[in-house]
Amino acid sequence: MFELNQDYLKLPGSYLFSTIGKKVAAFSAAHPDKKIIRLGIGDVTLPLAPAVIRALHEAVDEMGQAETFRGYAPDLGYDFLRNAIAQEYRSLNCDIAADEIFVSDGAKGDSANIQEIFAKESRIAVCDPVYPVYVDSNVMAGRTGTWNPDTQTWSDVIYMPCTGENGFVPELPKETPDLIYLCFPNNPTGGTLTKDELQVWVDYANKNGAVILFDAAYEAYISEPGVPHSIYACEGARTCAIELKSFSKNAGFTGLRLGYTVVPKELKRGNTAVHALWARRHGTKYNGAPYIVQRAGEAVLSPEGKKQTAEQVAYYMRNAGTIKKGLADAGFTVYGGVNSPYVWLKTPEGMSSWAFFDELLERLNIVGTPGSGFGPSGEGYFRLTGFGTYENTLEAIGRIRSF
Ligand code: MLT
């Protein structure tokens, strides 16, 4: 008789954004006349940039001709895209070669899958609050111990609280982890690390033989100098860090799907390069991102594509700024929104994150994300995203002012 994977059964509830989606769908079905404004999941609203659309059309035409048709993509990515990405790293003065870049269908999958190449006994450390995929994927892998419903924590996970008190900057953990998940600019708090602060983590990882899994999905939103655009801007990162990147947030590929993971060849245990294991995993389990999508990614990195996508980022940042100012004017305590499309706010009058979620949905018909969904230190906080339309953002802020 078959048995189920007991580690999956340990997962409490459903995935955060599935839970929210179900709640919103139920409300919408019960109140079809209400205009719901969705500032919850970080999903983009602007159409793809013209340079991207042109590249897609051209690639589709190639697929329709025998001479230019392509079958399976190289499992690690087409050279034209890997070279274009490596060029981006060079322009940031980061030493990354094209064959250290693994093209994929997005950073969500990569950030969930990367743990597979590390020992099951590895201790993971995460910021709290945190993008739920990092923890949930380790639960599925049987690495997190037991769930404590009272503290909303796993016994074998090292949590690094990030709150208003510490400026949303994690402190080095007291117990030594093997794998350290960092995401900066941060989802969900919108916080950042300076290069000096990130260097502390790189030095710590090298000293302790840990690996940093650095999620840089929101890098395009950095507006302040001193905030590093890649962990490889830090000295020594090539021996301790893996970087995860996405085309979703900088170029609106949430529906198209494209991302990549950088694994430097110097990252080793003994004589074995982590690079070799990730290549083995990729080759076995993945048949490569579609040709037409990789051509679209190449177009994002062209001069025209960069200009057009920078305008999209500016549009979303205007929304984030509008949310931040509007909420601050209305008396809310707000964070983020400067190097990040996310605005992180304190719920009013000590309301719980989910109570505030329900109130916003039911009274004002606005969807956000409850901070506690990202971890126990997110309780009493709430996330709104700048990824809506400008008009809806203005309307939402008008409604929240009347809260
Ligand atoms: C979020 O809202 O946190 C993100 O959109 C989720 C994701 O990128 O998968």
# chains A, B, ... in the order shown; residues from 1 in each chain; ligands from 1

$ residues_around --residues "A:His229" --least-positions-apart "4" --cutoff "10 Å" --atoms "only C-alpha atoms" --output "PyMOL selection string"
chain A and resi 89+92+94+184-185+194-195+216+218-222+225+233

$ residues_near_ligand --ligand "ligand 1" --cutoff "9 Å" --atoms "only C-alpha atoms and all ligand atoms" --output "ChimeraX atom specification"
/A:17,40-44,106-109,131-133,187-188,217,246,248-249,254,342,369,374,385

$ select_by_dssp --residues "stretch 163-356 of chain A" --states "alpha helix (DSSP H)" --output "ChimeraX atom specification"
/A:195-208,248-251,274-285,291-300,303-329,353-356

$ atom_distance --atom1 "atom CA of A:Ser104" --atom2 "atom CA of A:Asn319"
29.3 Å

$ residues_around --residues "A:Cys183" --least-positions-apart "2" --cutoff "12 Å" --atoms "only C-alpha atoms" --output "PyMOL selection string"
chain A and resi 107+111+126-134+162+168-170+180-181+185-193+198+212-219+228-231+242-245+340

$ write_last_selection --atoms "C-alpha atoms" --output "PDB file, in the first residue's frame"
ATOM      1  CA  ALA A 107      13.253  32.401  -9.036  1.00  0.00           C
ATOM      2  CA  SER A 111      14.525  29.168  -4.453  1.00  0.00           C
ATOM      3  CA  VAL A 126      15.743  32.596   7.595  1.00  0.00           C
ATOM      4  CA  CYS A 127      14.743  36.157   8.210  1.00  0.00           C
ATOM      5  CA  ASP A 128      11.442  36.481  10.023  1.00  0.00           C
ATOM      6  CA  PRO A 129       9.218  37.600   8.268  1.00  0.00           C
ATOM      7  CA  VAL A 130      10.260  35.737   5.121  1.00  0.00           C
ATOM      8  CA  TYR A 131       9.086  34.729   1.642  1.00  0.00           C
ATOM      9  CA  PRO A 132       7.235  31.504   2.595  1.00  0.00           C
ATOM     10  CA  VAL A 133       8.732  29.392  -0.215  1.00  0.00           C
ATOM     11  CA  TYR A 134      12.112  29.104   1.514  1.00  0.00           C
ATOM     12  CA  CYS A 162      13.445  41.653  11.333  1.00  0.00           C
ATOM     13  CA  PHE A 168      14.456  45.135   9.464  1.00  0.00           C
ATOM     14  CA  VAL A 169      18.120  44.158   9.395  1.00  0.00           C
ATOM     15  CA  PRO A 170      18.767  40.601  10.646  1.00  0.00           C
ATOM     16  CA  ILE A 180      21.312  31.188   5.152  1.00  0.00           C
ATOM     17  CA  TYR A 181      18.444  32.587   3.107  1.00  0.00           C
ATOM     18  CA  PRO A 185      15.756  44.357  -1.143  1.00  0.00           C
ATOM     19  CA  ASN A 186      13.531  42.403   1.144  1.00  0.00           C
ATOM     20  CA  ASN A 187      10.255  40.740   0.466  1.00  0.00           C
ATOM     21  CA  PRO A 188       8.092  41.454   2.440  1.00  0.00           C
ATOM     22  CA  THR A 189       9.469  44.378   4.504  1.00  0.00           C
ATOM     23  CA  GLY A 190      11.031  46.395   1.684  1.00  0.00           C
ATOM     24  CA  GLY A 191      14.160  46.750   3.847  1.00  0.00           C
ATOM     25  CA  THR A 192      17.697  46.748   2.486  1.00  0.00           C
ATOM     26  CA  LEU A 193      21.244  45.965   3.549  1.00  0.00           C
ATOM     27  CA  LEU A 198      26.018  42.417   3.428  1.00  0.00           C
ATOM     28  CA  ILE A 212      24.153  32.188   1.552  1.00  0.00           C
ATOM     29  CA  LEU A 213      21.174  31.759  -0.768  1.00  0.00           C
ATOM     30  CA  PHE A 214      20.731  35.354  -1.870  1.00  0.00           C
ATOM     31  CA  ASP A 215      17.412  36.230  -3.486  1.00  0.00           C
ATOM     32  CA  ALA A 216      17.905  39.420  -5.514  1.00  0.00           C
ATOM     33  CA  ALA A 217      14.537  39.357  -7.299  1.00  0.00           C
ATOM     34  CA  TYR A 218      13.884  43.016  -6.411  1.00  0.00           C
ATOM     35  CA  GLU A 219      17.297  44.370  -7.379  1.00  0.00           C
ATOM     36  CA  PRO A 228      24.431  46.473  -3.436  1.00  0.00           C
ATOM     37  CA  HIS A 229      22.864  45.216  -6.678  1.00  0.00           C
ATOM     38  CA  SER A 230      24.393  41.772  -6.258  1.00  0.00           C
ATOM     39  CA  ILE A 231      25.958  39.805  -3.441  1.00  0.00           C
ATOM     40  CA  ILE A 242      24.411  31.554  -4.636  1.00  0.00           C
ATOM     41  CA  GLU A 243      22.326  34.337  -6.176  1.00  0.00           C
ATOM     42  CA  LEU A 244      18.760  33.932  -7.419  1.00  0.00           C
ATOM     43  CA  LYS A 245      17.374  36.379  -9.978  1.00  0.00           C
ATOM     44  CA  SER A 340      11.305  48.101  -3.100  1.00  0.00           C
TER      45      SER A 340
END

$ residues_around --residues "A:Lys23" --least-positions-apart "2" --cutoff "12 Å" --atoms "only C-alpha atoms" --output "ChimeraX atom specification"
/A:14,16-21,25-30,40,354,357-358,361-362,365,367-369

$ write_last_selection --atoms "C-alpha atoms" --output "PDB file, in the first residue's frame"
ATOM      1  CA  SER A  14      -2.176  26.175   2.335  1.00  0.00           C
ATOM      2  CA  LEU A  16      -0.034  31.970   1.808  1.00  0.00           C
ATOM      3  CA  PHE A  17      -1.070  33.399  -1.558  1.00  0.00           C
ATOM      4  CA  SER A  18      -3.436  30.470  -2.215  1.00  0.00           C
ATOM      5  CA  THR A  19      -5.175  31.150   1.105  1.00  0.00           C
ATOM      6  CA  ILE A  20      -5.542  34.819   0.231  1.00  0.00           C
ATOM      7  CA  GLY A  21      -6.735  33.964  -3.285  1.00  0.00           C
ATOM      8  CA  ALA A  25     -12.623  34.704  -4.506  1.00  0.00           C
ATOM      9  CA  ALA A  26     -15.226  33.885  -1.824  1.00  0.00           C
ATOM     10  CA  PHE A  27     -15.728  37.577  -1.012  1.00  0.00           C
ATOM     11  CA  SER A  28     -15.977  38.464  -4.681  1.00  0.00           C
ATOM     12  CA  ALA A  29     -18.556  35.714  -5.336  1.00  0.00           C
ATOM     13  CA  ALA A  30     -20.650  36.944  -2.393  1.00  0.00           C
ATOM     14  CA  GLY A  40      -1.753  41.662  -2.282  1.00  0.00           C
ATOM     15  CA  TRP A 354      -5.376  38.823   9.570  1.00  0.00           C
ATOM     16  CA  PHE A 357      -6.767  41.904   6.180  1.00  0.00           C
ATOM     17  CA  ASP A 358     -10.425  40.988   6.757  1.00  0.00           C
ATOM     18  CA  LEU A 361     -11.278  43.380   2.291  1.00  0.00           C
ATOM     19  CA  GLU A 362     -14.753  43.557   3.740  1.00  0.00           C
ATOM     20  CA  ASN A 365     -12.586  46.049  -0.697  1.00  0.00           C
ATOM     21  CA  VAL A 367      -6.574  43.151  -0.798  1.00  0.00           C
ATOM     22  CA  GLY A 368      -3.184  43.234   0.916  1.00  0.00           C
ATOM     23  CA  THR A 369      -1.012  40.591   2.526  1.00  0.00           C
TER      24      THR A 369
END

$ closest_residue --among "A:Val300, A:Ala125, A:Ile96, A:Met317" --to "A:Ile53" --atoms "only C-alpha atoms"
A:Val300

$ residues_around --residues "A:Asp136" --least-positions-apart "6" --cutoff "10 Å" --atoms "only C-alpha atoms" --output "ChimeraX atom specification"
/A:8,10-12,15,112,142-144

$ write_last_selection --atoms "N, CA, C and O atoms" --output "PDB file, in the first residue's frame"
ATOM      1  N   TYR A   8       5.296  16.388   3.734  1.00  0.00           N
ATOM      2  CA  TYR A   8       4.267  17.281   3.165  1.00  0.00           C
ATOM      3  C   TYR A   8       3.103  17.451   4.139  1.00  0.00           C
ATOM      4  O   TYR A   8       2.499  18.515   4.219  1.00  0.00           O
ATOM      5  N   LYS A  10       3.194  17.701   7.166  1.00  0.00           N
ATOM      6  CA  LYS A  10       3.516  18.605   8.284  1.00  0.00           C
ATOM      7  C   LYS A  10       3.158  20.057   7.959  1.00  0.00           C
ATOM      8  O   LYS A  10       3.089  20.901   8.847  1.00  0.00           O
ATOM      9  N   LEU A  11       3.016  20.370   6.673  1.00  0.00           N
ATOM     10  CA  LEU A  11       2.786  21.769   6.287  1.00  0.00           C
ATOM     11  C   LEU A  11       1.471  22.276   6.863  1.00  0.00           C
ATOM     12  O   LEU A  11       0.419  21.674   6.618  1.00  0.00           O
ATOM     13  N   PRO A  12       1.509  23.382   7.615  1.00  0.00           N
ATOM     14  CA  PRO A  12       0.239  23.888   8.148  1.00  0.00           C
ATOM     15  C   PRO A  12      -0.500  24.690   7.061  1.00  0.00           C
ATOM     16  O   PRO A  12       0.099  25.529   6.393  1.00  0.00           O
ATOM     17  N   TYR A  15      -0.571  27.337   0.954  1.00  0.00           N
ATOM     18  CA  TYR A  15       0.419  28.361   0.633  1.00  0.00           C
ATOM     19  C   TYR A  15      -0.226  29.743   0.825  1.00  0.00           C
ATOM     20  O   TYR A  15      -1.391  29.952   0.442  1.00  0.00           O
ATOM     21  N   ALA A 112      12.940  27.328  -4.262  1.00  0.00           N
ATOM     22  CA  ALA A 112      12.372  26.137  -3.606  1.00  0.00           C
ATOM     23  C   ALA A 112      13.264  24.914  -3.827  1.00  0.00           C
ATOM     24  O   ALA A 112      13.384  24.065  -2.946  1.00  0.00           O
ATOM     25  N   GLY A 142      11.824  17.729   4.693  1.00  0.00           N
ATOM     26  CA  GLY A 142      12.007  17.064   5.993  1.00  0.00           C
ATOM     27  C   GLY A 142      13.136  17.641   6.823  1.00  0.00           C
ATOM     28  O   GLY A 142      13.748  16.946   7.634  1.00  0.00           O
ATOM     29  N   ARG A 143      13.382  18.931   6.652  1.00  0.00           N
ATOM     30  CA  ARG A 143      14.552  19.527   7.290  1.00  0.00           C
ATOM     31  C   ARG A 143      14.206  20.445   8.456  1.00  0.00           C
ATOM     32  O   ARG A 143      15.116  21.020   9.067  1.00  0.00           O
ATOM     33  N   THR A 144      12.930  20.615   8.771  1.00  0.00           N
ATOM     34  CA  THR A 144      12.574  21.718   9.672  1.00  0.00           C
ATOM     35  C   THR A 144      12.097  21.289  11.059  1.00  0.00           C
ATOM     36  O   THR A 144      11.734  22.134  11.874  1.00  0.00           O
TER      37      THR A 144
END

$ closest_residue --among "A:Ala396, A:Val293, A:Val211, A:Val202" --to "A:His57" --atoms "only C-alpha atoms"
A:Val293

$ closest_residue --among "A:Ser155, A:Asn166, A:Thr261, A:Asn250" --to "A:Ala98" --atoms "only C-alpha atoms"
A:Thr261

$ atom_distance --atom1 "atom CA of A:Val227" --atom2 "atom CA of A:Ala210"
22.8 Å

$ residues_around --residues "A:Phe332" --least-positions-apart "6" --cutoff "12 Å" --atoms "only C-alpha atoms" --output "list in words"
Ile323, Lys324, Lys325, Gly326, Val343, Trp344, Leu345, Lys346, Thr347, Pro348, Glu349, Gly350, Tyr381, Phe382, Ile397, Ile400, Arg401 and Phe403 of chain A

$ write_last_selection --atoms "N, CA and C atoms" --output "PDB file, in the first residue's frame"
ATOM      1  N   ILE A 323       1.595  55.109  -2.059  1.00  0.00           N
ATOM      2  CA  ILE A 323       1.036  54.344  -0.931  1.00  0.00           C
ATOM      3  C   ILE A 323       1.701  54.793   0.365  1.00  0.00           C
ATOM      4  N   LYS A 324       3.030  54.891   0.308  1.00  0.00           N
ATOM      5  CA  LYS A 324       3.769  55.212   1.532  1.00  0.00           C
ATOM      6  C   LYS A 324       3.359  56.583   2.068  1.00  0.00           C
ATOM      7  N   LYS A 325       3.329  57.572   1.179  1.00  0.00           N
ATOM      8  CA  LYS A 325       2.991  58.925   1.615  1.00  0.00           C
ATOM      9  C   LYS A 325       1.531  58.993   2.084  1.00  0.00           C
ATOM     10  N   GLY A 326       0.665  58.372   1.290  1.00  0.00           N
ATOM     11  CA  GLY A 326      -0.762  58.408   1.641  1.00  0.00           C
ATOM     12  C   GLY A 326      -1.017  57.805   3.015  1.00  0.00           C
ATOM     13  N   VAL A 343       5.366  48.158   0.380  1.00  0.00           N
ATOM     14  CA  VAL A 343       5.238  49.046   1.540  1.00  0.00           C
ATOM     15  C   VAL A 343       4.764  48.160   2.692  1.00  0.00           C
ATOM     16  N   TRP A 344       5.444  48.306   3.804  1.00  0.00           N
ATOM     17  CA  TRP A 344       5.214  47.453   4.978  1.00  0.00           C
ATOM     18  C   TRP A 344       4.707  48.376   6.067  1.00  0.00           C
ATOM     19  N   LEU A 345       3.539  48.116   6.593  1.00  0.00           N
ATOM     20  CA  LEU A 345       2.967  49.057   7.564  1.00  0.00           C
ATOM     21  C   LEU A 345       2.576  48.353   8.843  1.00  0.00           C
ATOM     22  N   LYS A 346       2.504  49.142   9.887  1.00  0.00           N
ATOM     23  CA  LYS A 346       2.028  48.601  11.164  1.00  0.00           C
ATOM     24  C   LYS A 346       0.509  48.651  11.132  1.00  0.00           C
ATOM     25  N   THR A 347      -0.113  47.589  11.564  1.00  0.00           N
ATOM     26  CA  THR A 347      -1.580  47.604  11.584  1.00  0.00           C
ATOM     27  C   THR A 347      -2.037  48.608  12.651  1.00  0.00           C
ATOM     28  N   PRO A 348      -3.193  49.254  12.436  1.00  0.00           N
ATOM     29  CA  PRO A 348      -3.635  50.265  13.405  1.00  0.00           C
ATOM     30  C   PRO A 348      -4.156  49.630  14.696  1.00  0.00           C
ATOM     31  N   GLU A 349      -3.958  50.341  15.746  1.00  0.00           N
ATOM     32  CA  GLU A 349      -4.508  49.974  17.068  1.00  0.00           C
ATOM     33  C   GLU A 349      -4.215  48.536  17.465  1.00  0.00           C
ATOM     34  N   GLY A 350      -3.022  48.074  17.112  1.00  0.00           N
ATOM     35  CA  GLY A 350      -2.611  46.737  17.535  1.00  0.00           C
ATOM     36  C   GLY A 350      -3.448  45.603  16.955  1.00  0.00           C
ATOM     37  N   TYR A 381       1.909  43.518  11.349  1.00  0.00           N
ATOM     38  CA  TYR A 381       2.321  44.262  10.142  1.00  0.00           C
ATOM     39  C   TYR A 381       1.453  43.821   8.968  1.00  0.00           C
ATOM     40  N   PHE A 382       1.583  44.569   7.864  1.00  0.00           N
ATOM     41  CA  PHE A 382       0.765  44.308   6.685  1.00  0.00           C
ATOM     42  C   PHE A 382       1.536  44.796   5.470  1.00  0.00           C
ATOM     43  N   ILE A 397      -5.721  54.213  -1.740  1.00  0.00           N
ATOM     44  CA  ILE A 397      -5.227  55.083  -0.669  1.00  0.00           C
ATOM     45  C   ILE A 397      -6.343  56.010  -0.192  1.00  0.00           C
ATOM     46  N   ILE A 400      -8.373  53.944   2.088  1.00  0.00           N
ATOM     47  CA  ILE A 400      -7.710  53.614   3.386  1.00  0.00           C
ATOM     48  C   ILE A 400      -7.677  54.843   4.292  1.00  0.00           C
ATOM     49  N   ARG A 401      -7.600  56.027   3.690  1.00  0.00           N
ATOM     50  CA  ARG A 401      -7.576  57.245   4.525  1.00  0.00           C
ATOM     51  C   ARG A 401      -8.813  57.321   5.409  1.00  0.00           C
ATOM     52  N   PHE A 403     -10.141  54.914   6.888  1.00  0.00           N
ATOM     53  CA  PHE A 403     -10.215  53.731   7.777  1.00  0.00           C
ATOM     54  C   PHE A 403     -10.572  54.118   9.203  1.00  0.00           C
TER      55      PHE A 403
END

$ closest_residue --among "A:Leu327, A:Leu9, A:Ala97, A:Ala241" --to "A:Val139" --atoms "only C-alpha atoms"
A:Leu9

$ residues_around --residues "A:Val263" --least-positions-apart "6" --cutoff "7 Å" --atoms "only C-alpha atoms" --output "PyMOL selection string"
chain A and resi 100-101+242+275
